[in-house]
>>> print(open('data28.pdb').read())   # PDB, N, CA and C atoms
MODEL        1
ATOM      1  N   MET A   1      51.310  39.664 114.767
ATOM      2  CA  MET A   1      50.087  39.236 114.136
ATOM      3  C   MET A   1      50.450  38.451 112.875
ATOM      4  N   PRO A   2      49.872  37.256 112.689
ATOM      5  CA  PRO A   2      50.199  36.446 111.527
ATOM      6  C   PRO A   2      49.615  37.056 110.253
ATOM      7  N   ALA A   3      50.359  36.838 109.175
ATOM      8  CA  ALA A   3      49.903  37.357 107.888
ATOM      9  C   ALA A   3      48.850  36.411 107.311
ATOM     10  N   THR A   4      47.825  36.977 106.748
ATOM     11  CA  THR A   4      46.776  36.172 106.136
ATOM     12  C   THR A   4      46.865  36.314 104.622
ATOM     13  N   ALA A   5      46.542  35.252 103.954
ATOM     14  CA  ALA A   5      46.590  35.274 102.497
ATOM     15  C   ALA A   5      45.374  36.022 101.967
ATOM     16  N   SER A   6      45.604  36.851 101.026
ATOM     17  CA  SER A   6      44.490  37.592 100.436
ATOM     18  C   SER A   6      43.975  36.836  99.218
ATOM     19  N   ASN A   7      42.793  37.167  98.776
ATOM     20  CA  ASN A   7      42.191  36.507  97.613
ATOM     21  C   ASN A   7      42.940  36.808  96.329
ATOM     22  N   SER A   8      43.686  37.902  96.295
ATOM     23  CA  SER A   8      44.383  38.242  95.060
ATOM     24  C   SER A   8      45.582  37.327  94.816
ATOM     25  N   ASP A   9      46.054  36.624  95.869
ATOM     26  CA  ASP A   9      47.170  35.704  95.697
ATOM     27  C   ASP A   9      46.753  34.423  94.969
ATOM     28  N   HIS A  10      45.489  34.090  95.009
ATOM     29  CA  HIS A  10      44.990  32.850  94.407
ATOM     30  C   HIS A  10      44.205  33.187  93.145
ATOM     31  N   THR A  11      44.893  33.171  92.040
ATOM     32  CA  THR A  11      44.216  33.426  90.771
ATOM     33  C   THR A  11      43.637  32.123  90.254
ATOM     34  N   PRO A  12      42.442  32.159  89.737
ATOM     35  CA  PRO A  12      41.835  30.917  89.235
ATOM     36  C   PRO A  12      42.556  30.442  87.989
ATOM     37  N   ARG A  13      42.676  29.133  87.886
ATOM     38  CA  ARG A  13      43.306  28.537  86.710
ATOM     39  C   ARG A  13      42.308  28.546  85.559
ATOM     40  N   PRO A  14      42.805  28.812  84.363
ATOM     41  CA  PRO A  14      41.872  28.765  83.226
ATOM     42  C   PRO A  14      41.454  27.329  82.943
ATOM     43  N   GLU A  15      40.202  27.186  82.532
ATOM     44  CA  GLU A  15      39.708  25.852  82.201
ATOM     45  C   GLU A  15      40.281  25.432  80.855
ATOM     46  N   PRO A  16      40.530  24.135  80.668
ATOM     47  CA  PRO A  16      41.097  23.680  79.394
ATOM     48  C   PRO A  16      40.118  23.916  78.248
ATOM     49  N   GLU A  17      40.664  24.180  77.078
ATOM     50  CA  GLU A  17      39.855  24.393  75.878
ATOM     51  C   GLU A  17      39.207  23.080  75.464
ATOM     52  N   PRO A  18      37.952  23.101  75.021
ATOM     53  CA  PRO A  18      37.345  21.868  74.523
ATOM     54  C   PRO A  18      37.961  21.472  73.195
ATOM     55  N   GLN A  19      37.983  20.166  72.946
ATOM     56  CA  GLN A  19      38.529  19.655  71.697
ATOM     57  C   GLN A  19      37.543  19.955  70.573
ATOM     58  N   LEU A  20      38.014  20.573  69.509
ATOM     59  CA  LEU A  20      37.153  20.942  68.403
ATOM     60  C   LEU A  20      37.374  20.073  67.170
ATOM     61  N   ASP A  21      38.222  19.056  67.267
ATOM     62  CA  ASP A  21      38.566  18.272  66.094
ATOM     63  C   ASP A  21      37.479  17.296  65.667
ATOM     64  N   SER A  22      36.571  16.936  66.555
ATOM     65  CA  SER A  22      35.508  16.022  66.170
ATOM     66  C   SER A  22      34.207  16.447  66.851
ATOM     67  N   ALA A  23      33.107  16.094  66.219
ATOM     68  CA  ALA A  23      31.805  16.420  66.771
ATOM     69  C   ALA A  23      31.529  15.520  67.967
ATOM     70  N   PRO A  24      30.866  16.034  68.985
ATOM     71  CA  PRO A  24      30.575  15.197  70.143
ATOM     72  C   PRO A  24      29.562  14.117  69.775
ATOM     73  N   LEU A  25      29.767  12.939  70.312
ATOM     74  CA  LEU A  25      28.852  11.841  70.050
ATOM     75  C   LEU A  25      27.656  11.951  70.967
ATOM     76  N   ARG A  26      26.518  11.556  70.475
ATOM     77  CA  ARG A  26      25.307  11.589  71.283
ATOM     78  C   ARG A  26      25.308  10.411  72.260
ATOM     79  N   PRO A  27      24.714  10.585  73.422
ATOM     80  CA  PRO A  27      24.626   9.447  74.341
ATOM     81  C   PRO A  27      23.767   8.355  73.719
ATOM     82  N   GLN A  28      24.150   7.129  73.957
ATOM     83  CA  GLN A  28      23.461   6.020  73.314
ATOM     84  C   GLN A  28      22.446   5.399  74.259
ATOM     85  N   ASN A  29      21.193   5.392  73.842
ATOM     86  CA  ASN A  29      20.154   4.730  74.602
ATOM     87  C   ASN A  29      19.974   3.312  74.059
ATOM     88  N   LEU A  30      19.068   2.571  74.597
ATOM     89  CA  LEU A  30      18.902   1.164  74.222
ATOM     90  C   LEU A  30      18.565   0.968  72.742
ATOM     91  N   PRO A  31      17.607   1.697  72.158
ATOM     92  CA  PRO A  31      17.332   1.491  70.730
ATOM     93  C   PRO A  31      18.545   1.803  69.839
ATOM     94  N   THR A  32      19.311   2.816  70.200
ATOM     95  CA  THR A  32      20.497   3.166  69.426
ATOM     96  C   THR A  32      21.534   2.061  69.508
ATOM     97  N   ARG A  33      21.756   1.551  70.711
ATOM     98  CA  ARG A  33      22.715   0.448  70.867
ATOM     99  C   ARG A  33      22.261  -0.791  70.110
ATOM    100  N   CYS A  34      20.950  -1.050  70.093
ATOM    101  CA  CYS A  34      20.426  -2.209  69.353
ATOM    102  C   CYS A  34      20.648  -2.037  67.851
ATOM    103  N   ALA A  35      20.413  -0.834  67.326
ATOM    104  CA  ALA A  35      20.621  -0.593  65.895
ATOM    105  C   ALA A  35      22.091  -0.771  65.529
ATOM    106  N   ILE A  36      22.985  -0.237  66.339
ATOM    107  CA  ILE A  36      24.411  -0.389  66.077
ATOM    108  C   ILE A  36      24.808  -1.856  66.206
ATOM    109  N   GLY A  37      24.216  -2.563  67.162
ATOM    110  CA  GLY A  37      24.474  -3.995  67.317
ATOM    111  C   GLY A  37      24.035  -4.789  66.098
ATOM    112  N   LEU A  38      22.909  -4.406  65.490
ATOM    113  CA  LEU A  38      22.456  -5.089  64.272
ATOM    114  C   LEU A  38      23.431  -4.866  63.115
ATOM    115  N   VAL A  39      23.976  -3.655  63.017
ATOM    116  CA  VAL A  39      24.952  -3.386  61.964
ATOM    117  C   VAL A  39      26.221  -4.198  62.219
ATOM    118  N   HIS A  40      26.643  -4.286  63.488
ATOM    119  CA  HIS A  40      27.813  -5.112  63.813
ATOM    120  C   HIS A  40      27.550  -6.585  63.488
ATOM    121  N   LEU A  41      26.342  -7.044  63.757
ATOM    122  CA  LEU A  41      25.977  -8.424  63.423
ATOM    123  C   LEU A  41      26.073  -8.641  61.914
ATOM    124  N   TYR A  42      25.582  -7.693  61.132
ATOM    125  CA  TYR A  42      25.710  -7.780  59.672
ATOM    126  C   TYR A  42      27.182  -7.817  59.266
ATOM    127  N   GLN A  43      28.000  -6.950  59.870
ATOM    128  CA  GLN A  43      29.420  -6.889  59.513
ATOM    129  C   GLN A  43      30.128  -8.208  59.785
ATOM    130  N   ARG A  44      29.737  -8.909  60.834
ATOM    131  CA  ARG A  44      30.419 -10.150  61.205
ATOM    132  C   ARG A  44      29.845 -11.384  60.521
ATOM    133  N   SER A  45      28.568 -11.333  60.120
ATOM    134  CA  SER A  45      27.952 -12.543  59.584
ATOM    135  C   SER A  45      27.763 -12.487  58.065
ATOM    136  N   LEU A  46      27.059 -11.499  57.554
ATOM    137  CA  LEU A  46      26.752 -11.468  56.124
ATOM    138  C   LEU A  46      27.814 -10.791  55.275
ATOM    139  N   SER A  47      28.418  -9.752  55.767
ATOM    140  CA  SER A  47      29.382  -8.985  54.975
ATOM    141  C   SER A  47      30.559  -9.828  54.471
ATOM    142  N   PRO A  48      31.137 -10.719  55.295
ATOM    143  CA  PRO A  48      32.227 -11.546  54.768
ATOM    144  C   PRO A  48      31.787 -12.472  53.629
ATOM    145  N   LEU A  49      30.535 -12.894  53.643
ATOM    146  CA  LEU A  49      30.025 -13.764  52.583
ATOM    147  C   LEU A  49      29.803 -13.006  51.279
ATOM    148  N   LEU A  50      29.470 -11.711  51.386
ATOM    149  CA  LEU A  50      29.186 -10.905  50.201
ATOM    150  C   LEU A  50      30.452 -10.353  49.549
ATOM    151  N   GLY A  51      31.523 -10.266  50.295
ATOM    152  CA  GLY A  51      32.769  -9.732  49.754
ATOM    153  C   GLY A  51      32.833  -8.212  49.865
ATOM    154  N   ALA A  52      33.969  -7.660  49.473
ATOM    155  CA  ALA A  52      34.194  -6.215  49.556
ATOM    156  C   ALA A  52      33.665  -5.557  48.285
ATOM    157  N   ASN A  53      32.404  -5.159  48.314
ATOM    158  CA  ASN A  53      31.764  -4.579  47.141
ATOM    159  C   ASN A  53      31.437  -3.104  47.290
ATOM    160  N   CYS A  54      31.662  -2.540  48.439
ATOM    161  CA  CYS A  54      31.279  -1.151  48.671
ATOM    162  C   CYS A  54      32.203  -0.223  47.885
ATOM    163  N   ARG A  55      31.621   0.748  47.217
ATOM    164  CA  ARG A  55      32.369   1.677  46.383
ATOM    165  C   ARG A  55      32.818   2.912  47.152
ATOM    166  N   TYR A  56      32.374   3.035  48.360
ATOM    167  CA  TYR A  56      32.674   4.218  49.167
ATOM    168  C   TYR A  56      33.633   3.890  50.295
ATOM    169  N   HIS A  57      34.249   4.931  50.799
ATOM    170  CA  HIS A  57      35.046   4.824  52.025
ATOM    171  C   HIS A  57      34.557   5.907  52.969
ATOM    172  N   PRO A  58      34.148   5.619  54.181
ATOM    173  CA  PRO A  58      34.069   4.311  54.830
ATOM    174  C   PRO A  58      32.972   3.445  54.198
ATOM    175  N   THR A  59      33.021   2.166  54.499
ATOM    176  CA  THR A  59      32.023   1.254  53.941
ATOM    177  C   THR A  59      30.633   1.689  54.377
ATOM    178  N   CYS A  60      29.626   1.191  53.700
ATOM    179  CA  CYS A  60      28.255   1.601  54.002
ATOM    180  C   CYS A  60      27.844   1.236  55.430
ATOM    181  N   SER A  61      28.289   0.084  55.915
ATOM    182  CA  SER A  61      27.931  -0.302  57.285
ATOM    183  C   SER A  61      28.659   0.565  58.309
ATOM    184  N   ALA A  62      29.932   0.889  58.051
ATOM    185  CA  ALA A  62      30.655   1.782  58.955
ATOM    186  C   ALA A  62      30.053   3.179  58.906
ATOM    187  N   TYR A  63      29.604   3.607  57.727
ATOM    188  CA  TYR A  63      28.933   4.903  57.577
ATOM    189  C   TYR A  63      27.666   4.935  58.427
ATOM    190  N   MET A  64      26.901   3.857  58.388
ATOM    191  CA  MET A  64      25.657   3.781  59.153
ATOM    192  C   MET A  64      25.945   3.936  60.646
ATOM    193  N   ILE A  65      26.961   3.250  61.153
ATOM    194  CA  ILE A  65      27.301   3.355  62.569
ATOM    195  C   ILE A  65      27.733   4.775  62.904
ATOM    196  N   GLN A  66      28.582   5.365  62.075
ATOM    197  CA  GLN A  66      29.052   6.726  62.333
ATOM    198  C   GLN A  66      27.902   7.729  62.277
ATOM    199  N   ALA A  67      26.989   7.556  61.335
ATOM    200  CA  ALA A  67      25.857   8.467  61.219
ATOM    201  C   ALA A  67      24.931   8.356  62.427
ATOM    202  N   ILE A  68      24.694   7.139  62.910
ATOM    203  CA  ILE A  68      23.849   6.954  64.095
ATOM    204  C   ILE A  68      24.512   7.591  65.308
ATOM    205  N   GLU A  69      25.825   7.398  65.463
ATOM    206  CA  GLU A  69      26.526   7.986  66.602
ATOM    207  C   GLU A  69      26.550   9.503  66.522
ATOM    208  N   LYS A  70      26.653  10.039  65.342
ATOM    209  CA  LYS A  70      26.786  11.491  65.181
ATOM    210  C   LYS A  70      25.442  12.209  65.204
ATOM    211  N   PHE A  71      24.423  11.651  64.544
ATOM    212  CA  PHE A  71      23.153  12.351  64.374
ATOM    213  C   PHE A  71      22.001  11.777  65.177
ATOM    214  N   GLY A  72      22.189  10.663  65.854
ATOM    215  CA  GLY A  72      21.093  10.026  66.575
ATOM    216  C   GLY A  72      20.472   8.926  65.728
ATOM    217  N   LEU A  73      19.577   8.180  66.331
ATOM    218  CA  LEU A  73      19.037   6.981  65.690
ATOM    219  C   LEU A  73      18.254   7.288  64.419
ATOM    220  N   LEU A  74      17.238   8.121  64.494
ATOM    221  CA  LEU A  74      16.365   8.331  63.338
ATOM    222  C   LEU A  74      17.094   9.001  62.178
ATOM    223  N   ARG A  75      17.755  10.098  62.450
ATOM    224  CA  ARG A  75      18.450  10.812  61.381
ATOM    225  C   ARG A  75      19.633   9.988  60.854
ATOM    226  N   GLY A  76      20.304   9.251  61.736
ATOM    227  CA  GLY A  76      21.418   8.411  61.319
ATOM    228  C   GLY A  76      20.985   7.277  60.420
ATOM    229  N   VAL A  77      19.885   6.617  60.752
ATOM    230  CA  VAL A  77      19.369   5.535  59.909
ATOM    231  C   VAL A  77      18.888   6.110  58.573
ATOM    232  N   TYR A  78      18.287   7.290  58.603
ATOM    233  CA  TYR A  78      17.849   7.939  57.370
ATOM    234  C   TYR A  78      19.042   8.224  56.453
ATOM    235  N   ARG A  79      20.080   8.826  57.028
ATOM    236  CA  ARG A  79      21.267   9.144  56.222
ATOM    237  C   ARG A  79      21.965   7.868  55.741
ATOM    238  N   GLY A  80      22.015   6.849  56.602
ATOM    239  CA  GLY A  80      22.610   5.578  56.198
ATOM    240  C   GLY A  80      21.813   4.906  55.088
ATOM    241  N   GLY A  81      20.488   5.010  55.150
ATOM    242  CA  GLY A  81      19.647   4.460  54.094
ATOM    243  C   GLY A  81      19.869   5.167  52.761
ATOM    244  N   LEU A  82      19.999   6.489  52.805
ATOM    245  CA  LEU A  82      20.301   7.229  51.578
ATOM    246  C   LEU A  82      21.643   6.803  51.004
ATOM    247  N   ARG A  83      22.599   6.564  51.886
ATOM    248  CA  ARG A  83      23.920   6.113  51.430
ATOM    249  C   ARG A  83      23.816   4.752  50.750
ATOM    250  N   LEU A  84      23.019   3.843  51.319
ATOM    251  CA  LEU A  84      22.835   2.523  50.697
ATOM    252  C   LEU A  84      22.211   2.645  49.311
ATOM    253  N   LEU A  85      21.302   3.600  49.142
ATOM    254  CA  LEU A  85      20.694   3.801  47.835
ATOM    255  C   LEU A  85      21.693   4.356  46.820
ATOM    256  N   ARG A  86      22.689   5.100  47.295
ATOM    257  CA  ARG A  86      23.717   5.655  46.393
ATOM    258  C   ARG A  86      24.777   4.623  46.020
ATOM    259  N   CYS A  87      24.888   3.553  46.779
ATOM    260  CA  CYS A  87      25.940   2.556  46.560
ATOM    261  C   CYS A  87      25.429   1.499  45.577
ATOM    262  N   HIS A  88      25.746   1.692  44.296
ATOM    263  CA  HIS A  88      25.319   0.770  43.246
ATOM    264  C   HIS A  88      26.400   0.725  42.172
ATOM    265  N   PRO A  89      26.324  -0.199  41.228
ATOM    266  CA  PRO A  89      27.394  -0.358  40.241
ATOM    267  C   PRO A  89      27.657   0.877  39.368
ATOM    268  N   LEU A  90      26.691   1.743  39.182
ATOM    269  CA  LEU A  90      26.889   2.923  38.341
ATOM    270  C   LEU A  90      27.427   4.115  39.117
ATOM    271  N   SER A  91      27.568   3.970  40.418
ATOM    272  CA  SER A  91      28.063   5.056  41.263
ATOM    273  C   SER A  91      29.581   5.170  41.154
ATOM    274  N   ARG A  92      30.086   6.414  41.209
ATOM    275  CA  ARG A  92      31.541   6.624  41.153
ATOM    276  C   ARG A  92      32.205   6.257  42.470
ATOM    277  N   GLY A  93      31.495   6.383  43.587
ATOM    278  CA  GLY A  93      32.065   6.041  44.889
ATOM    279  C   GLY A  93      33.048   7.081  45.357
ATOM    280  N   GLY A  94      33.988   6.680  46.232
ATOM    281  CA  GLY A  94      34.989   7.582  46.749
ATOM    282  C   GLY A  94      34.811   7.828  48.237
ATOM    283  N   TYR A  95      35.480   8.869  48.722
ATOM    284  CA  TYR A  95      35.423   9.210  50.145
ATOM    285  C   TYR A  95      34.147   9.984  50.421
ATOM    286  N   ASP A  96      33.350   9.509  51.384
ATOM    287  CA  ASP A  96      32.066  10.122  51.702
ATOM    288  C   ASP A  96      31.818  10.004  53.200
ATOM    289  N   PRO A  97      32.309  10.956  54.003
ATOM    290  CA  PRO A  97      32.080  10.870  55.450
ATOM    291  C   PRO A  97      30.652  11.240  55.806
ATOM    292  N   PRO A  98      30.156  10.767  56.959
ATOM    293  CA  PRO A  98      28.776  11.094  57.363
ATOM    294  C   PRO A  98      28.597  12.557  57.693
TER     295      PRO A  98
ENDMDL
END
>>> encode(input="data28.pdb", output="structure tokens")
Amino acid sequence: MPATASNSDHTPRPEPEPQLDSAPLRPQNLPTRCAIGLVHLYQRSLSPLLGANCRYHPTCSAYMIQAIEKFGLLRGVYRGGLRLLRCHPLSRGGYDPP
């Protein structure tokens, strides 16, 4: 009589651990992609004419893109707008991640 494999011979493999080093990005719908596209348009057209004046790192436009990707369109634009209000000549600036 042939030997049959039992279920105990096949142990399930553990699933890989999820990466915890960065927050998951939200899926991008059309309005979100359009908002990010407008920021990219600003970065390529107006920003070079204005020069490097941002006191923060990442720049305010990069912050806006990161905030939209991380928090969604409405909350990201809100946080990016607050960041723009903080970026002025009397501000100390520095590292300020979204």
>>> atom_distance(input="data28.pdb", atom1="atom C of Gln43 of chain A", atom2="atom N of Tyr95 of chain A")
21.0 Å
>>> residues_around(input="data28.pdb", residues="segment 52-61 of chain A", least_positions_apart="3", cutoff="6.5 Å", atoms="all atoms listed in the file", output="ChimeraX atom specification")
/A:39,47,64-66,83-84,87,92-97
>>> atom_distance(input="data28.pdb", atom1="atom C of Pro31 of chain A", atom2="atom C of His88 of chain A")
28.8 Å
>>> closest_residue(input="data28.pdb", among="A:Pro98, A:Arg79, A:Gly51, A:Leu73", to="Ala35 of chain A", atoms="all atoms listed in the file")
A:Leu73
>>> atom_distance(input="data28.pdb", atom1="atom N of Ile68 of chain A", atom2="atom N of Ile36 of chain A")
8.3 Å
>>> axis_aligned_box(input="data28.pdb", around="segment 72-90 of chain A", padding_each_side="3 Å", output="AutoDock Vina command-line options")
--center_x 22.0 --center_y 5.2 --center_z 52.5 --size_x 17.3 --size_y 17.2 --size_z 34.2
